[in-house]
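A.B. asks: Quick one: the structure is below, questions incoming.
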Amino acid sequence: MRLILLGPPGSGKGTQAQRLVQRYGIVQLSTGEMLRAAVAAQTPVGLKAKDVMASGGLVPDDVVIGIISDRIDQPDASNGFILDGFPRTVPQAEALDELLKKKHLKLDAVIELRVNESALLERVETRVAQMRERGEEVRVDDTPEVLTRRLASYRALTEPLIHYYSERRKLLTVDGMMTIESVTGEIDRILAAIGAVEAKAAKKADAAKRTAKAAKKAARPAAAKASRPAGKAAKKAAKASGKGAKTTKKAPKPAAKRAKKGAKKTARKAATGSRARATAKARKAAKKVMKKRAKA
């Protein structure tokens with residue numbers, strides 16, 4: 001999970017970032033901390049930043065991007081990260097997009113904690129007044145005057161990011177004026193919804209794949225069953241046809257046999273008749289001869 005938290009000073013970004021770290025096992029990447037760590041480690045990018053910071057200047061965007069690039073390559077960032085305090089400008093956001101694209105990574109969401117500036121100023125004034133009543137020391141950067149300047153800077157530099165990420169459909173807005181628990185709950189709900197949409201799409205694609213596979217599997221036996229009866233019917237028809245042909249072939253055989261038998265019988269009768277007639281004639285001729293002899 002890769003996230004960016006946006007919001008003006010006092011909106012509660014730091015508090016919510018820590019809760020997200022604990023809940024999702026991701027790391028919080030603060031540009032200030034990353035710069036100090038890079039300088040301490042004396043990395044090539046850290047040494048560049050060191051010279052700039054020593055002179056009191058602002059660290060160039062390319063140096064900051066280089067530090068972020070080194071940091072997200074570390075093993076503890078493999079599960080994801082939250083960028084807090086970066087990007088601050090649209091050019092930084094564009095540079096970050098290019099970096100993530102090169103690493104084949106993408107942002108899951110940009111969460112904006114939207115607050116009422118007047119209410120923020122009232123909160124600070126109330127807190128400062130209570131601290132003074134208790135005799136506590138008030139931090140120099142925790143006064144209504146400083147907050148007013150920081151809010152003006154946020155509107156001028158960082159607020160355009162809201163439009164930048166909104167156009168890219170990455171922006172998710174949460175009411176930062178709610179209680180800390182309510183803000184946490186709303187962020188969790190939004191992140192769960194993002195996950196649910198992705199899971200639902202994957203599940204739907206997987207279900208469609210399984211359905212197609214099952215349909216294909218079911219079609220094979222059905223086709224086989226359909227072809228078997230057809231095959232059997234064809235075989236039966238062929239067999240019947242064969243039998244019919246044999247019957248047709250055999251049909252003239254008995255008739256011919258009978259005719260032949262009749263002819264033989266007729267021939268026998270004729271032969272018998274001829275022999276009988278010949279015998280009768282011979283007997284008759286013999287009688288005549290006997291009569292002639294007797295007279296002589």
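Residues in the structure tokens are named by chain (A, B, ... in the order shown) and by number from 1 within that chain; ligands are numbered from 1 in the order shown.
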At a cut-off of 9 Å, using only C-alpha atoms, what residues contact range 84-101 of chain A? Leave out same-chain residues fewer than 4 positions from it and give the result as a short mmCIF file (atom, residue, chain, number, x, y, z; two decimals) with C-alpha atoms, in the first residue's frame.
C.D. replies:
```
data_model
loop_
_atom_site.label_atom_id
_atom_site.label_comp_id
_atom_site.auth_asym_id
_atom_site.auth_seq_id
_atom_site.Cartn_x
_atom_site.Cartn_y
_atom_site.Cartn_z
CA LEU A 3 -0.20 6.49 0.21
CA ILE A 4 0.23 10.25 0.38
CA LEU A 5 -1.32 12.30 3.19
CA LEU A 6 -2.30 15.85 2.32
CA LYS A 13 -1.49 14.08 9.33
CA GLY A 14 1.26 12.93 11.71
CA ALA A 17 0.21 8.40 9.61
CA GLN A 28 6.16 6.51 7.22
CA LEU A 29 8.49 8.52 5.00
CA SER A 30 9.09 12.04 6.26
CA THR A 31 11.33 14.14 3.98
CA GLY A 32 12.97 15.84 6.97
CA ASP A 61 13.66 18.60 -5.81
CA ASP A 62 16.01 16.25 -7.65
CA ILE A 65 13.57 12.60 -5.14
CA ILE A 68 13.08 9.03 -1.63
CA SER A 69 14.24 6.66 -4.38
CA LEU A 105 5.10 1.09 -8.68
CA LYS A 106 1.91 3.10 -8.31
CA LEU A 107 0.15 5.16 -5.67
CA TYR A 154 0.01 25.65 2.21
CA LEU A 157 2.09 25.78 -2.76
CA THR A 158 0.38 22.57 -1.71
CA GLU A 159 -3.31 23.10 -2.35
CA PRO A 160 -2.86 22.77 -6.17
CA LEU A 161 -1.94 19.13 -5.49
CA TYR A 164 -3.58 17.44 -9.59
CA TYR A 165 -4.48 14.18 -7.85
#
```
A.B. asks: Using only C-alpha atoms, find the one residue out of A:Leu147, A:Val39, A:Ala218, A:Val140 that sits nearest to Leu121 in chain A.
C.D. replies: A:Leu147
A.B. asks: What is the distance between CA of Pro9 in chain A and CA of Glu145 in chain A, in Å to one decimal?
C.D. replies: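 Computing it gives 12.6 Å between the two atoms.
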A.B. asks: Between A:Asp175, A:Ala212, A:Val21, A:Thr184, which is the closest to Leu113 in chain A once you count only C-alpha atoms?
C.D. replies: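 The shortest atom-to-atom distance to Leu113 in chain A comes from A:Asp175.
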A.B. asks: Point out the residue among A:Ala119, A:Ile190, A:Val64, A:Val110 with the least atom-to-atom distance to Met178 in chain A, counting only C-alpha atoms.
C.D. replies: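 With only C-alpha atoms as the atom set, the closest residue is A:Ala119.
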A.B. asks: I'd like to know which residues of range 23-235 of chain A are strand (DSSP E) (by DSSP, run on the backbone); could you write them as a count of residues only?
C.D. replies: 19
A.B. asks: Pick out each residue of range 46-183 of chain A that DSSP on the backbone tags as helix (DSSP H, G or I); I need them as a count of residues only.
C.D. replies: 81
A.B. asks: Given the choices A:Leu172, A:Ala152, A:Met34, A:Ile82, which gets closest to Gln16 in chain A if the distance is worked out from only C-alpha atoms?
C.D. replies: A:Ile82
A.B. asks: Can you pull out the residues contacting Val63 in chain A? Cut-off 9 Å, using only C-alpha atoms, and skip same-chain residues under 4 positions away; I want them as a list of chain:residue names.
C.D. replies: A:Val45, A:Gly46, A:Lys48, A:Ala49, A:Val59, A:Ile67, A:Ile68
A.B. asks: Print the selection's residues with C-alpha atoms to a file, as a short mmCIF file (atom, residue, chain, number, x, y, z; two decimals), in the first residue's frame.
C.D. replies:
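To be explicit, this is the file written out as result_11.cif:
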```
data_model
loop_
_atom_site.label_atom_id
_atom_site.label_comp_id
_atom_site.auth_asym_id
_atom_site.auth_seq_id
_atom_site.Cartn_x
_atom_site.Cartn_y
_atom_site.Cartn_z
CA VAL A 45 22.56 12.11 -2.34
CA GLY A 46 22.93 12.82 1.38
CA LYS A 48 24.60 16.83 -1.79
CA ALA A 49 21.83 17.64 0.67
CA VAL A 59 17.16 21.18 -0.91
CA ILE A 67 16.65 10.36 -1.28
CA ILE A 68 13.08 9.03 -1.63
#
```
A.B. asks: Separation of CA of Gly195 in chain A and CA of Ile72 in chain A, in Å?
C.D. replies: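 Separation between CA of Gly195 in chain A and CA of Ile72 in chain A: 21.9 Å.
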A.B. asks: Please provide as a PyMOL selection string all residues within 12 Å of Asp188 in chain A, with the sequence filter that same-chain residues fewer than 5 positions apart are discarded (counting only C-alpha atoms).
C.D. replies: chain A and resi 16-17+19-20+23-24+111+172+174+181-183+193-196
A.B. asks: Create the file for the chosen residues now, containing N, CA and C atoms and written as a compact mmCIF listing (two decimals), in the first residue's frame.
C.D. replies:
```
# COMPACT_ATOMS: atom_id res chain seq x y z
N GLN A 16 -2.42 10.44 12.14
CA GLN A 16 -3.04 9.41 11.30
C GLN A 16 -1.99 8.56 10.59
N ALA A 17 -0.86 9.17 10.25
CA ALA A 17 0.21 8.40 9.61
C ALA A 17 0.72 7.31 10.55
N ARG A 19 -0.88 5.84 12.94
CA ARG A 19 -1.91 4.80 13.07
C ARG A 19 -1.93 3.87 11.85
N LEU A 20 -1.72 4.44 10.68
CA LEU A 20 -1.68 3.63 9.47
C LEU A 20 -0.46 2.70 9.46
N ARG A 23 -1.26 -0.14 11.78
CA ARG A 23 -2.37 -0.99 11.33
C ARG A 23 -1.99 -1.83 10.11
N TYR A 24 -1.22 -1.26 9.17
CA TYR A 24 -0.96 -1.94 7.90
C TYR A 24 0.48 -2.40 7.72
N ILE A 111 -4.75 10.76 0.37
CA ILE A 111 -5.80 11.09 1.35
C ILE A 111 -5.64 12.52 1.81
N LEU A 172 -8.78 11.10 -2.22
CA LEU A 172 -9.87 10.69 -1.32
C LEU A 172 -9.89 11.69 -0.16
N VAL A 174 -11.21 13.26 3.47
CA VAL A 174 -11.76 12.92 4.79
C VAL A 174 -11.92 14.20 5.58
N GLU A 181 -10.40 9.47 16.47
CA GLU A 181 -10.91 8.12 16.23
C GLU A 181 -11.80 8.05 15.00
N SER A 182 -12.64 9.09 14.83
CA SER A 182 -13.55 9.10 13.69
C SER A 182 -12.79 9.24 12.38
N VAL A 183 -11.74 10.07 12.39
CA VAL A 183 -10.91 10.24 11.19
C VAL A 183 -10.23 8.92 10.85
N ALA A 193 -12.54 -0.03 1.23
CA ALA A 193 -13.38 0.04 0.03
C ALA A 193 -12.52 -0.09 -1.22
N ILE A 194 -11.34 0.53 -1.21
CA ILE A 194 -10.43 0.40 -2.35
C ILE A 194 -10.04 -1.06 -2.52
N GLY A 195 -9.67 -1.69 -1.41
CA GLY A 195 -9.29 -3.10 -1.46
C GLY A 195 -10.45 -3.98 -1.90
N ALA A 196 -11.67 -3.65 -1.42
CA ALA A 196 -12.84 -4.46 -1.77
C ALA A 196 -13.14 -4.36 -3.25
```
A.B. asks: For Val124 in chain A, which residue among A:Thr15, A:Thr148, A:Ser153, A:Ser78 is the nearest when counting only C-alpha atoms?
C.D. replies: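 Nearest candidate to Val124 in chain A out of A:Thr15, A:Thr148, A:Ser153, A:Ser78: A:Thr148.
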A.B. asks: Measure the distance from CA of Gly176 in chain A to CA of Arg189 in chain A in Å and round it to one decimal.
C.D. replies: 14.6 Å
